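Student: Dropping a structure here in structure tokens format, bear with me for questions.
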Amino acid sequence: MISWDVLVELFLSVGLLNAGVRLATPILLAALGGILSERSGVINIGLEGMMLIGAFAGVAGARAFGSPWAGLVVALAAGGLLALVHAFVCVTLGANQIVSGVAINLIALGLSGYLFRVMFGVTSEPVRVQPFTPAPIPGLSQIPIVGEVLFDQIPLVYLALLLVPALHWLLFRTTWGLQIRAVGEHPRAADTVGINVYRIRYLCVVASGMLAGAGGTVLSLGQLNFFMENMTGGRGFIALAALIFGRWNPWGTLVATLLFGLADPLQLRVQAFDLRIVPFHLLLMLPYVLSLLALAGFVGRSIAPAASGQPYLKDGE
Amino acid sequence: MNRLRALTRIKLGGVVLGLAPVWAILAALLLGTALIAVTGASPIEAYRYLLRGAFGNANSLGDTLIKTTTLVFAGVGMAFAFRCGVFNIGGEGQIYIGALFATVIGLLRLPPVIHLPLALLAGFVGGGLWAAIAGWLKARRGLNEIIVTIFMNYIAVILVSYFVTGPLKEPPGYYPQTAEVAVASQLPVILPGSRLHAGLLLALVSAVVIWVVLRRTSLGFQVRAVGANPTAARHAGINVEGNIVLAMFISGGLAGWAGTAEVLGVQHRLRDFFLVGFGYDAIAVALLGQSDPFGVILAALFFGTLRTGSGAMQRGVGVPTALVFLIQGLAVIFVLIGTVLRARPQLLKSKKGESVRDLVGRIGRTVLKRRAP
């Protein structure tokens, strides 16, 4: 039997929570992008690929210009461009959004791997670049526990956390947000009152790609400081799970990503402590199982925007 | 094949352009060729290495056909669900659960005569049940099968990790893998000098059976009716929910056989992450094959060739293996675009009302006029 102290040490350590927030950030950024895209009616399975291309572009940009911020800019552009392809196929052509997303993921996997080899050669040594460094916020970071957990992070973590209320405000307090939601729930009606369905969907999908790209940069320049083929390893899909578990809502999604972000370092600790109480595989499964239960209505029903996944054709077929 | 050809024929400038997937693959290969040239390698050399790596000797030919086998099973499975209007993105998970079920039977002590059939049956049932859960959640609770199957993929992969590091770990227990399955449950090698096993034959037979089922049986008719228009199918008295669950069971069962064949035919034991990404490739294969079992076989061979030959290409001329993912992704997106343009040719019309067909015709006539002396 393990003691209470061990459990407290396990779950409430500052290091663990700090790592949890850091690991949750890439997923959070991609999930926020996913919310925008899905709220406007376009399912974005390609988040994974957009993150991956962002992770690569971040390293390439940081290497070329000697600054992680330049890397971020390049990553935003790369994620946005890939998303533009998705938008063209899904919005203009009205093709199947899932298949497009699957193709986007394959393209990103191939393109990032290919460019990485072409630019940096066939090496087994990871390419190291100037990473983002933690920028403790003066004053706030002195607060015990909370300060160390939340305010001793890289700048992108603060930005991601600020984006949560910002996106909530955009979606639920502004005309733009109303238009986005209208387009995602009932595009025909939105069109009738003069909203440009195509433009809104384009903007939202491209924004989702940029956010996912930024998430990838956090991964490559804020945590691991190098690029590896397929380094996102399914985080884009976790983001998808998080936004569904968070019911297409920024605050809910934040909670979900923190929960899922914690699963990773927690798993390492459970292994390190050699605890036999919970097989760590159960922890790894948790995000997906919880999301499924949420979808099935066992932990409060989670309902997608009505028109998500359905192409809108102005000429009405 | 006639109907397939009719389905995929595009007319542009009055000329029939043939099979859309063929054009999509050619376009993707063309772009790939340009990217090979960028690396400084000769594209001809690169493709020569790729083909030699994929077909150069019995061993490499066997490896190519093994990958093709996996993709035919899973690709035909995905195609069957697509025909029923269900987007089964869960091939990956169904592969893993199928392999898990088959391994459990393979590890038992059973009379040799029934060991292989039972292990195969278990693999089909495992993958089928895993997919049927998603089908049931869609049919009964209205859940989006895409999201459900994606999540179930991750759950399945983690479940297999759990079993091979825990309850099913081989006795000495150093590696995350099970003990070897009984010899009587293994699929025999059919090409000497390679690892190619009888799973290939089973895959080809499965494709033919699915083709027959889809075209010649009442089950296939019902499945296609549900896929074409569920409301109309319901009014015609077809059990829509039942067909969705059944289609998912068959779809997942075939994907389960992809994993089963890998365990019983190639690796002979279950390891974690034993087949990565084939479930997603299967979706691409099903799409490239236009959800037709024979189309899927060709698409699977194409993917299998790229996957197997890419290593030799990288070693030979330094072209990154990742390029083949890019070619696959591009091929899929081109097919998607082609399919849409065929269904909605008005998208090609310019604002003046000129269609691309008119445009190509006009350009063609102009060119011909200039050429004429």
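Labeling convention for the structure tokens: chains A, B, ... as they appear, residues from 1 per chain, ligands from 1 in order of appearance.
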For chain A, work out the contacting residues on chain B at 8 Å, counting only C-alpha atoms, and write them as number ranges by chain.
Tutor: B: 39, 137, 141, 143, 146, 148, 150-152, 154-155, 158-159, 161-162, 280, 283-284, 318, 320-330, 332-333, 336-337, 340-341, 347
Student: Could you turn the residues from that selection into a file that holds C-alpha atoms, as a JSON list (two decimals), in the first residue's frame?
Tutor:
[["chain", "number", "residue", "atom", "x", "y", "z"],
["B", 39, "THR", "CA", 17.87, 16.99, -54.22],
["B", 137, "LEU", "CA", -22.65, 4.15, -31.61],
["B", 141, "ARG", "CA", -26.68, 7.06, -30.60],
["B", 143, "LEU", "CA", -22.29, 9.62, -32.90],
["B", 146, "ILE", "CA", -15.06, 9.44, -37.80],
["B", 148, "VAL", "CA", -15.22, 7.66, -32.63],
["B", 150, "ILE", "CA", -10.04, 7.86, -34.51],
["B", 151, "PHE", "CA", -10.25, 7.72, -30.73],
["B", 152, "MET", "CA", -10.68, 3.96, -30.80],
["B", 154, "TYR", "CA", -5.48, 5.24, -30.04],
["B", 155, "ILE", "CA", -7.25, 3.13, -27.44],
["B", 158, "ILE", "CA", -2.47, 1.45, -26.17],
["B", 159, "LEU", "CA", -4.42, -1.72, -25.32],
["B", 161, "SER", "CA", 0.93, -2.08, -25.59],
["B", 162, "TYR", "CA", -0.69, -2.96, -22.30],
["B", 280, "TYR", "CA", -4.52, 5.49, -42.42],
["B", 283, "ILE", "CA", -8.12, 4.99, -46.34],
["B", 284, "ALA", "CA", -5.93, 6.51, -49.02],
["B", 318, "GLY", "CA", 20.08, 9.97, -51.02],
["B", 320, "PRO", "CA", 14.60, 10.96, -48.46],
["B", 321, "THR", "CA", 12.14, 8.10, -47.87],
["B", 322, "ALA", "CA", 9.64, 10.66, -46.61],
["B", 323, "LEU", "CA", 9.08, 11.64, -50.23],
["B", 324, "VAL", "CA", 6.80, 8.63, -50.71],
["B", 325, "PHE", "CA", 4.40, 9.92, -48.06],
["B", 326, "LEU", "CA", 4.25, 13.17, -49.98],
["B", 327, "ILE", "CA", 3.51, 11.35, -53.24],
["B", 328, "GLN", "CA", 0.78, 9.33, -51.52],
["B", 329, "GLY", "CA", -0.79, 12.41, -49.97],
["B", 330, "LEU", "CA", -0.72, 14.31, -53.24],
["B", 332, "VAL", "CA", -5.11, 11.27, -52.60],
["B", 333, "ILE", "CA", -5.81, 14.98, -52.80],
["B", 336, "LEU", "CA", -10.38, 13.96, -54.37],
["B", 337, "ILE", "CA", -10.24, 17.05, -56.56],
["B", 340, "VAL", "CA", -15.39, 16.54, -57.20],
["B", 341, "LEU", "CA", -14.79, 18.11, -60.58],
["B", 347, "LEU", "CA", -16.98, 24.38, -60.84]]
Student: Taking the DSSP assignment computed from this structure's backbone, write out as a ChimeraX atom specification all residues of range 13-149 of chain A that belong to helix (DSSP H, G or I).
Tutor: /A:14-39,47-65,68-92,97-120,140-142,146-149
Student: For Glu148 in chain A, work out the shell of residues within 10 Å, counting only C-alpha atoms and skipping chain neighbours fewer than 6 positions away, then give it as a list in words.
Tutor: Val14, Gly15, Leu17, Asn18, Pro136, Ile137, Leu140, Ser141 and Gln142 of chain A
